[in-house]
Amino acid sequence: MMVRSKSSRMVRTIVGWAVVALFAFPLYYWMTVAFKEGNEIFNWPPKVWSFTPTIKNFEEVFGISFGFGFGEQREVLPGGGNFRMGPRLWDSIVIAILSTALAITIATLASYALSRMNFRGRHHFVSWVLSTRMMPPVAVAIPIFFIYKDIGLLDTYTGVILIHALMNLPLAVLLMKSFFDDIPGEIDESALVDGASRWLIFRRIVLPMVKGGIAATAVLCFIFSWTEFLFVLTLTQTGLKTVPVVSSTFVTSTGTAWGSMAALGAAAMIPAFIFILLVQKHLVRGLTLGSVKQ
Amino acid sequence: MATVEYRRIGKSYGAVEVLKELDLTVEDGTFVVLLGASGCGKTTLLRMTAGLETISAGELSIDGKVVNTVHPRDRDVAMVFQNYALYPTMTVRENIGFSLEVAKKSKAEVAEMVENAARVLNLTEYLDRKPAALSGGQRQRVAMGRAMVRNAKVFLFDEPLSNLDAKLRAHMRVEIRQLHNRLGATTIYVTHDQIEAMTMADRIVLMKDGSIVQEGSPDDLYDRPNSLFVAEFIGTPQINSLEGRIVDDGGSPAFETGGIHVALPAGYGAHTGRRVICGIRPSDVTLDPDGPLRGTMSIAEKTGADVQFYVDIDGREFVAVAPRASYVSAGTTLAFAVAPEKLHMFDAETGRRIEL
């Protein structure tokens, strides 16, 4: 009995670490590429642990020798790779944060209404919201390009923020609705009888209860915007570009700058990582525990 | 403080009729219990009173004012929910004070009223805790405190004790009743537990399938149930019902079933020949070797002061309550007598009480 439980615990630990390694190794390998000299990247067998680390790739990508990222553009690689990525990282941060904020604001209000208020066609409304995600984005990219061109949103932060928020809304509404649905209606009703208005109930009572849900939804929205490629590619020109789109410029007609690409990718993980770390403490479940006895 | 009047109140969800033209007046300051099995419409009626359900038909008035379309917050009612519905992100203090804060009372006033309520409910030391850190009974008291500080015209309770254990429930029954006595506010209390109804109510409204079956004081319902349904619903152990007929037993009426003859009050003479159901409360019988109710006892349950005998009388299970001293082991033949005036006679077809 004892032996079996011991061995099964060992198997579980081994499997656990294997899974972790499976996910973490590519990430680690990508990081090593970012810190390797050009030739070393292509060594065979690849040097996973022992290599001479260098920050040359980061210097190149962010133009550090010219002051962090905001110096003059320097063309090093043949083929026209862009080597001033600091501002591009900034673009990504602004767009991801603002589009997430916009999507969360709208989704929270909308999903509370969908969860609590009775109106004609409520159920159709939910499936209608979802249906906007059923079309492949590429099908709308071109029409949106022309619309943006006409109304002057092309190549602007507002334009990209709007489209990212729009893409995130259906999922955010659906997710947030399920979080609101989890809160028993009696809590609203109790506050209603206590004399509170709908808005007050939403703001003071229900919203603090879905903090965890908002955090989880925000993480998903943020990551979507952070990694979105198609719309940024089609709707921006020179004014702004996000990291995924500029990383593709490392693939040039004369070769791929793997080191630079890895350096940018590694750097791009940091803001996303910080964002997730910040909201993580709100992700704790069990905030609603104890309000109602089931 | 207010009188609550329901006039021909109805509620339907589409084709499903939940409440059927119900008439009821809850007098100012009384403690009324809406009693019934689940699905009888009692909670719906309570929620309609609070304004949480729309009223499909009829008129509801509180304090003489028709409130059919009045918003819940303008009805001046306080409600305690079955699952307490505490605000989990707020402390006990904030929970109790929330309605006062909404009513724009001054900070000092809110603090004073919250402290007072907490003192009455023994919650003072828990004021800064969140609901999650409280026991079931404490949560229940917070829910009561929330209603208490409102000083509302009408208090509504929706099965507030159903989540508590038996001991705590008995204790809270007393507390709620004391609270009512102190505040003197009109109270409507929903429960499916007839003990709660019997112990707490000034008046009981027994409901079935969306209608009122009988309304009256606990004693009325216990002593003079107007139908077999009421007789079976009120009282533990449940009333014994024997089906038979009223016969003439040498000039005076008697109830007869199988080989059993039980003498009836003279008034039943007019009903000779009628098929009836005879209701006998387990506590109304006495052990009597010459008694007419005779059978083999299969189980004897000691409940403390009493013992409950399960006796097979004419093929039916019959329950009798007797003092503990009369305990005998199973298998014994027992006989019981019952005073004629303690018998309840119901029509076998309709189940209505046969009045003398």
# chains A, B, ... in the order shown; residues from 1 in each chain; ligands from 1
>>> closest_atom_pairs(of="chain B", to="chain A", cutoff="10 Å", atoms="only C-alpha atoms", output="JSON lines")
{"residue": "B:Arg47", "atom": "CA", "partner": "A:Glu189", "partner_atom": "CA", "distance": 9.7}
{"residue": "B:Ala50", "atom": "CA", "partner": "A:Val193", "partner_atom": "CA", "distance": 7.0}
{"residue": "B:Gly51", "atom": "CA", "partner": "A:Val193", "partner_atom": "CA", "distance": 8.1}
{"residue": "B:Leu52", "atom": "CA", "partner": "A:Glu189", "partner_atom": "CA", "distance": 7.0}
{"residue": "B:His71", "atom": "CA", "partner": "A:Val193", "partner_atom": "CA", "distance": 8.8}
{"residue": "B:Pro72", "atom": "CA", "partner": "A:Val193", "partner_atom": "CA", "distance": 5.3}
{"residue": "B:Arg73", "atom": "CA", "partner": "A:Gly195", "partner_atom": "CA", "distance": 4.1}
{"residue": "B:Asp74", "atom": "CA", "partner": "A:Gly195", "partner_atom": "CA", "distance": 7.2}
{"residue": "B:Arg75", "atom": "CA", "partner": "A:Val193", "partner_atom": "CA", "distance": 8.2}
{"residue": "B:Asp76", "atom": "CA", "partner": "A:Val193", "partner_atom": "CA", "distance": 8.0}
{"residue": "B:Val77", "atom": "CA", "partner": "A:Val193", "partner_atom": "CA", "distance": 6.9}
{"residue": "B:Ala78", "atom": "CA", "partner": "A:Val193", "partner_atom": "CA", "distance": 6.4}
{"residue": "B:Met79", "atom": "CA", "partner": "A:Val193", "partner_atom": "CA", "distance": 7.0}
{"residue": "B:Val80", "atom": "CA", "partner": "A:Ser190", "partner_atom": "CA", "distance": 7.8}
{"residue": "B:Phe81", "atom": "CA", "partner": "A:Glu186", "partner_atom": "CA", "distance": 7.3}
{"residue": "B:Gln82", "atom": "CA", "partner": "A:Lys293", "partner_atom": "CA", "distance": 8.6}
{"residue": "B:Asn83", "atom": "CA", "partner": "A:Val292", "partner_atom": "CA", "distance": 4.9}
{"residue": "B:Tyr84", "atom": "CA", "partner": "A:Val292", "partner_atom": "CA", "distance": 5.9}
{"residue": "B:Ala85", "atom": "CA", "partner": "A:Ile187", "partner_atom": "CA", "distance": 4.7}
{"residue": "B:Leu86", "atom": "CA", "partner": "A:Ser291", "partner_atom": "CA", "distance": 4.9}
{"residue": "B:Tyr87", "atom": "CA", "partner": "A:Ser291", "partner_atom": "CA", "distance": 6.0}
{"residue": "B:Pro88", "atom": "CA", "partner": "A:Ser291", "partner_atom": "CA", "distance": 4.7}
{"residue": "B:Thr89", "atom": "CA", "partner": "A:Met209", "partner_atom": "CA", "distance": 6.5}
{"residue": "B:Met90", "atom": "CA", "partner": "A:Ile205", "partner_atom": "CA", "distance": 8.2}
{"residue": "B:Asn95", "atom": "CA", "partner": "A:Ala191", "partner_atom": "CA", "distance": 9.9}
{"residue": "B:Phe98", "atom": "CA", "partner": "A:Asp194", "partner_atom": "CA", "distance": 7.6}
{"residue": "B:Ser99", "atom": "CA", "partner": "A:Asp194", "partner_atom": "CA", "distance": 4.9}
{"residue": "B:Leu100", "atom": "CA", "partner": "A:Asp194", "partner_atom": "CA", "distance": 8.4}
{"residue": "B:Glu101", "atom": "CA", "partner": "A:Ala196", "partner_atom": "CA", "distance": 9.5}
{"residue": "B:Val102", "atom": "CA", "partner": "A:Ala196", "partner_atom": "CA", "distance": 6.1}
{"residue": "B:Ala103", "atom": "CA", "partner": "A:Gly195", "partner_atom": "CA", "distance": 7.2}
{"residue": "B:Lys130", "atom": "CA", "partner": "A:Gly290", "partner_atom": "CA", "distance": 8.4}
{"residue": "B:Pro131", "atom": "CA", "partner": "A:Gly290", "partner_atom": "CA", "distance": 5.6}
{"residue": "B:Ala132", "atom": "CA", "partner": "A:Gly290", "partner_atom": "CA", "distance": 4.0}
{"residue": "B:Ala133", "atom": "CA", "partner": "A:Gly290", "partner_atom": "CA", "distance": 7.5}
{"residue": "B:Leu134", "atom": "CA", "partner": "A:Gly290", "partner_atom": "CA", "distance": 7.9}
{"residue": "B:Ser135", "atom": "CA", "partner": "A:Gly290", "partner_atom": "CA", "distance": 9.0}
{"residue": "B:Gly136", "atom": "CA", "partner": "A:Lys293", "partner_atom": "CA", "distance": 7.9}
{"residue": "B:Arg139", "atom": "CA", "partner": "A:Ser291", "partner_atom": "CA", "distance": 8.4}
{"residue": "B:Gln140", "atom": "CA", "partner": "A:Lys293", "partner_atom": "CA", "distance": 9.9}
{"residue": "B:Ala143", "atom": "CA", "partner": "A:Ser190", "partner_atom": "CA", "distance": 9.7}
{"residue": "B:Arg146", "atom": "CA", "partner": "A:Asp194", "partner_atom": "CA", "distance": 8.5}
{"residue": "B:Ala147", "atom": "CA", "partner": "A:Asp194", "partner_atom": "CA", "distance": 8.2}
{"residue": "B:Arg150", "atom": "CA", "partner": "A:Asp194", "partner_atom": "CA", "distance": 7.8}
{"residue": "B:Ala152", "atom": "CA", "partner": "A:Asp194", "partner_atom": "CA", "distance": 9.9}
{"residue": "B:Asn163", "atom": "CA", "partner": "A:Lys293", "partner_atom": "CA", "distance": 7.4}
{"residue": "B:Leu164", "atom": "CA", "partner": "A:Lys293", "partner_atom": "CA", "distance": 10.0}
>>> residues_around(residues="Glu301 (chain B)", least_positions_apart="5", cutoff="9 Å", atoms="only C-alpha atoms", output="list of chain:residue names")
B:Asp306, B:Val307, B:Gln308, B:Phe309, B:Tyr310, B:Tyr327
>>> atom_distance(atom1="CA of Pro225 (chain B)", atom2="CA of Thr350 (chain B)")
13.8 Å
>>> select_by_dssp(residues="region 15-222 of chain A", states="helix (DSSP H, G or I)", output="PyMOL selection string")
chain A and resi 15-34+38-41+56-62+64-66+86-116+122-131+137-151+157-182+185-193+198-209+211-222
>>> residues_around(residues="Met172 (chain B)", least_positions_apart="4", cutoff="8 Å", atoms="only C-alpha atoms", output="list in words")
Leu161, Leu168 and Ile176 of chain B
>>> residues_around(residues="Gly239 (chain A)", least_positions_apart="6", cutoff="10 Å", atoms="only C-alpha atoms", output="ChimeraX atom specification")
/A:91,154-157
>>> residues_around(residues="Ile354 (chain B)", least_positions_apart="2", cutoff="9 Å", atoms="only C-alpha atoms", output="PyMOL selection string")
chain B and resi 226-227+268+271+276+344-347+351-352+356
>>> atom_distance(atom1="CA of Leu174 (chain A)", atom2="CA of Val94 (chain A)")
24.8 Å
>>> atom_distance(atom1="CA of Ala263 (chain A)", atom2="CA of Ala18 (chain A)")
26.5 Å
>>> residues_around(residues="Phe58 (chain A)", least_positions_apart="3", cutoff="9 Å", atoms="only C-alpha atoms", output="number ranges by chain")
A: 34-35, 54-55, 61-64, 259-260, 263-264, 267
>>> write_last_selection(atoms="all heavy atoms", output="PDB file, in the first residue's frame")
ATOM      1  N   ALA A  34      18.666  34.276 -28.326  1.00  0.00           N
ATOM      2  CA  ALA A  34      18.758  35.729 -28.189  1.00  0.00           C
ATOM      3  C   ALA A  34      20.112  36.156 -27.646  1.00  0.00           C
ATOM      4  O   ALA A  34      20.572  37.261 -27.905  1.00  0.00           O
ATOM      5  CB  ALA A  34      17.639  36.230 -27.273  1.00  0.00           C
ATOM      6  N   PHE A  35      20.743  35.274 -26.896  1.00  0.00           N
ATOM      7  CA  PHE A  35      22.025  35.633 -26.283  1.00  0.00           C
ATOM      8  C   PHE A  35      23.226  35.030 -27.008  1.00  0.00           C
ATOM      9  O   PHE A  35      24.323  35.000 -26.495  1.00  0.00           O
ATOM     10  CB  PHE A  35      22.043  35.196 -24.806  1.00  0.00           C
ATOM     11  CG  PHE A  35      21.166  36.055 -23.935  1.00  0.00           C
ATOM     12  CD1 PHE A  35      19.908  35.634 -23.550  1.00  0.00           C
ATOM     13  CD2 PHE A  35      21.617  37.315 -23.529  1.00  0.00           C
ATOM     14  CE1 PHE A  35      19.105  36.429 -22.761  1.00  0.00           C
ATOM     15  CE2 PHE A  35      20.806  38.113 -22.730  1.00  0.00           C
ATOM     16  CZ  PHE A  35      19.552  37.679 -22.352  1.00  0.00           C
ATOM     17  N   THR A  54      26.089  36.803 -25.090  1.00  0.00           N
ATOM     18  CA  THR A  54      26.390  38.166 -25.534  1.00  0.00           C
ATOM     19  C   THR A  54      25.088  38.954 -25.601  1.00  0.00           C
ATOM     20  O   THR A  54      24.026  38.376 -25.821  1.00  0.00           O
ATOM     21  CB  THR A  54      27.045  38.138 -26.926  1.00  0.00           C
ATOM     22  OG1 THR A  54      27.048  39.457 -27.454  1.00  0.00           O
ATOM     23  CG2 THR A  54      26.253  37.249 -27.885  1.00  0.00           C
ATOM     24  N   ILE A  55      25.177  40.259 -25.396  1.00  0.00           N
ATOM     25  CA  ILE A  55      23.952  41.052 -25.522  1.00  0.00           C
ATOM     26  C   ILE A  55      23.957  41.823 -26.843  1.00  0.00           C
ATOM     27  O   ILE A  55      23.211  42.772 -27.041  1.00  0.00           O
ATOM     28  CB  ILE A  55      23.770  42.030 -24.334  1.00  0.00           C
ATOM     29  CG1 ILE A  55      24.990  42.938 -24.181  1.00  0.00           C
ATOM     30  CG2 ILE A  55      23.489  41.269 -23.046  1.00  0.00           C
ATOM     31  CD1 ILE A  55      24.680  44.187 -23.370  1.00  0.00           C
ATOM     32  N   VAL A  61      19.046  45.277 -31.827  1.00  0.00           N
ATOM     33  CA  VAL A  61      17.604  45.424 -31.992  1.00  0.00           C
ATOM     34  C   VAL A  61      17.106  46.733 -31.410  1.00  0.00           C
ATOM     35  O   VAL A  61      16.262  47.410 -31.964  1.00  0.00           O
ATOM     36  CB  VAL A  61      16.876  44.227 -31.344  1.00  0.00           C
ATOM     37  CG1 VAL A  61      15.387  44.498 -31.227  1.00  0.00           C
ATOM     38  CG2 VAL A  61      17.118  42.983 -32.169  1.00  0.00           C
ATOM     39  N   PHE A  62      17.656  47.102 -30.253  1.00  0.00           N
ATOM     40  CA  PHE A  62      17.145  48.314 -29.616  1.00  0.00           C
ATOM     41  C   PHE A  62      18.051  49.515 -29.823  1.00  0.00           C
ATOM     42  O   PHE A  62      17.814  50.573 -29.259  1.00  0.00           O
ATOM     43  CB  PHE A  62      16.933  48.059 -28.127  1.00  0.00           C
ATOM     44  CG  PHE A  62      15.830  47.070 -27.894  1.00  0.00           C
ATOM     45  CD1 PHE A  62      16.104  45.768 -27.547  1.00  0.00           C
ATOM     46  CD2 PHE A  62      14.509  47.471 -28.093  1.00  0.00           C
ATOM     47  CE1 PHE A  62      15.078  44.863 -27.364  1.00  0.00           C
ATOM     48  CE2 PHE A  62      13.491  46.572 -27.915  1.00  0.00           C
ATOM     49  CZ  PHE A  62      13.770  45.257 -27.546  1.00  0.00           C
ATOM     50  N   GLY A  63      19.092  49.324 -30.654  1.00  0.00           N
ATOM     51  CA  GLY A  63      19.976  50.439 -30.951  1.00  0.00           C
ATOM     52  C   GLY A  63      20.534  51.061 -29.691  1.00  0.00           C
ATOM     53  O   GLY A  63      20.562  52.274 -29.525  1.00  0.00           O
ATOM     54  N   ILE A  64      20.954  50.201 -28.746  1.00  0.00           N
ATOM     55  CA  ILE A  64      21.377  50.698 -27.440  1.00  0.00           C
ATOM     56  C   ILE A  64      22.586  51.618 -27.544  1.00  0.00           C
ATOM     57  O   ILE A  64      22.701  52.599 -26.831  1.00  0.00           O
ATOM     58  CB  ILE A  64      21.662  49.516 -26.492  1.00  0.00           C
ATOM     59  CG1 ILE A  64      20.326  48.902 -26.079  1.00  0.00           C
ATOM     60  CG2 ILE A  64      22.392  49.964 -25.225  1.00  0.00           C
ATOM     61  CD1 ILE A  64      20.463  47.613 -25.326  1.00  0.00           C
ATOM     62  N   GLY A 259      18.955  35.881 -34.518  1.00  0.00           N
ATOM     63  CA  GLY A 259      19.402  36.445 -33.239  1.00  0.00           C
ATOM     64  C   GLY A 259      18.583  37.657 -32.850  1.00  0.00           C
ATOM     65  O   GLY A 259      18.109  37.784 -31.720  1.00  0.00           O
ATOM     66  N   SER A 260      18.371  38.543 -33.819  1.00  0.00           N
ATOM     67  CA  SER A 260      17.612  39.757 -33.545  1.00  0.00           C
ATOM     68  C   SER A 260      16.166  39.407 -33.234  1.00  0.00           C
ATOM     69  O   SER A 260      15.541  39.971 -32.331  1.00  0.00           O
ATOM     70  CB  SER A 260      17.654  40.690 -34.754  1.00  0.00           C
ATOM     71  OG  SER A 260      18.985  40.920 -35.124  1.00  0.00           O
ATOM     72  N   ALA A 263      15.929  38.113 -29.824  1.00  0.00           N
ATOM     73  CA  ALA A 263      16.119  39.173 -28.833  1.00  0.00           C
ATOM     74  C   ALA A 263      14.836  39.978 -28.669  1.00  0.00           C
ATOM     75  O   ALA A 263      14.400  40.284 -27.556  1.00  0.00           O
ATOM     76  CB  ALA A 263      17.262  40.086 -29.256  1.00  0.00           C
ATOM     77  N   LEU A 264      14.205  40.311 -29.790  1.00  0.00           N
ATOM     78  CA  LEU A 264      12.962  41.079 -29.721  1.00  0.00           C
ATOM     79  C   LEU A 264      11.867  40.252 -29.050  1.00  0.00           C
ATOM     80  O   LEU A 264      11.125  40.749 -28.202  1.00  0.00           O
ATOM     81  CB  LEU A 264      12.523  41.493 -31.138  1.00  0.00           C
ATOM     82  CG  LEU A 264      11.236  42.310 -31.205  1.00  0.00           C
ATOM     83  CD1 LEU A 264      11.387  43.618 -30.450  1.00  0.00           C
ATOM     84  CD2 LEU A 264      10.853  42.591 -32.662  1.00  0.00           C
ATOM     85  N   ALA A 267      12.476  40.107 -25.361  1.00  0.00           N
ATOM     86  CA  ALA A 267      12.148  41.382 -24.723  1.00  0.00           C
ATOM     87  C   ALA A 267      10.634  41.575 -24.664  1.00  0.00           C
ATOM     88  O   ALA A 267      10.102  42.133 -23.706  1.00  0.00           O
ATOM     89  CB  ALA A 267      12.797  42.532 -25.488  1.00  0.00           C
TER      90      ALA A 267
END
>>> residues_around(residues="Gly29 (chain B)", least_positions_apart="6", cutoff="9 Å", atoms="only C-alpha atoms", output="list in words")
Met1, Ala2, Thr3, Val154, His180, Asn181, Leu183, Gly184, Ala185, Thr186 and Thr187 of chain B
>>> write_last_selection(atoms="N, CA, C and O atoms", output="mmCIF file, in the first residue's frame")
data_model
loop_
_atom_site.group_PDB
_atom_site.id
_atom_site.type_symbol
_atom_site.label_atom_id
_atom_site.label_comp_id
_atom_site.auth_asym_id
_atom_site.auth_seq_id
_atom_site.Cartn_x
_atom_site.Cartn_y
_atom_site.Cartn_z
ATOM 1 N N MET B 1 -44.585 49.947 10.089
ATOM 2 C CA MET B 1 -45.787 49.244 10.534
ATOM 3 C C MET B 1 -46.924 49.455 9.554
ATOM 4 O O MET B 1 -47.219 50.588 9.203
ATOM 5 N N ALA B 2 -47.478 48.350 9.103
ATOM 6 C CA ALA B 2 -48.487 48.513 8.060
ATOM 7 C C ALA B 2 -49.287 47.240 7.870
ATOM 8 O O ALA B 2 -48.812 46.154 8.176
ATOM 9 N N THR B 3 -50.480 47.426 7.367
ATOM 10 C CA THR B 3 -51.298 46.287 6.987
ATOM 11 C C THR B 3 -50.977 45.937 5.539
ATOM 12 O O THR B 3 -50.833 46.828 4.705
ATOM 13 N N VAL B 154 -42.620 46.511 6.636
ATOM 14 C CA VAL B 154 -42.934 45.090 6.589
ATOM 15 C C VAL B 154 -41.631 44.291 6.522
ATOM 16 O O VAL B 154 -40.718 44.650 5.784
ATOM 17 N N HIS B 180 -39.383 40.203 16.640
ATOM 18 C CA HIS B 180 -40.686 40.682 16.197
ATOM 19 C C HIS B 180 -41.424 41.358 17.350
ATOM 20 O O HIS B 180 -41.999 42.433 17.187
ATOM 21 N N ASN B 181 -41.388 40.741 18.511
ATOM 22 C CA ASN B 181 -42.081 41.326 19.661
ATOM 23 C C ASN B 181 -41.520 42.703 19.997
ATOM 24 O O ASN B 181 -42.250 43.603 20.367
ATOM 25 N N LEU B 183 -39.782 44.808 17.871
ATOM 26 C CA LEU B 183 -39.981 45.810 16.817
ATOM 27 C C LEU B 183 -41.459 46.034 16.521
ATOM 28 O O LEU B 183 -41.842 47.097 16.067
ATOM 29 N N GLY B 184 -42.255 45.020 16.752
ATOM 30 C CA GLY B 184 -43.692 45.144 16.523
ATOM 31 C C GLY B 184 -44.067 45.369 15.067
ATOM 32 O O GLY B 184 -45.167 45.837 14.769
ATOM 33 N N ALA B 185 -43.158 45.033 14.151
ATOM 34 C CA ALA B 185 -43.446 45.285 12.739
ATOM 35 C C ALA B 185 -44.222 44.115 12.124
ATOM 36 O O ALA B 185 -44.121 42.981 12.580
ATOM 37 N N THR B 186 -44.992 44.428 11.105
ATOM 38 C CA THR B 186 -45.692 43.395 10.359
ATOM 39 C C THR B 186 -44.663 42.446 9.756
ATOM 40 O O THR B 186 -43.711 42.891 9.122
ATOM 41 N N THR B 187 -44.858 41.162 9.971
ATOM 42 C CA THR B 187 -43.873 40.192 9.486
ATOM 43 C C THR B 187 -44.567 39.099 8.679
ATOM 44 O O THR B 187 -45.583 38.557 9.112
#
>>> closest_residue(among="B:Asp314, B:Glu215, B:Glu109, B:Asp209", to="Gly258 (chain B)", atoms="only C-alpha atoms")
B:Asp314
>>> closest_residue(among="B:His261, B:Arg245, B:Asn240, B:Asp312", to="Gly279 (chain B)", atoms="only C-alpha atoms")
B:Asn240
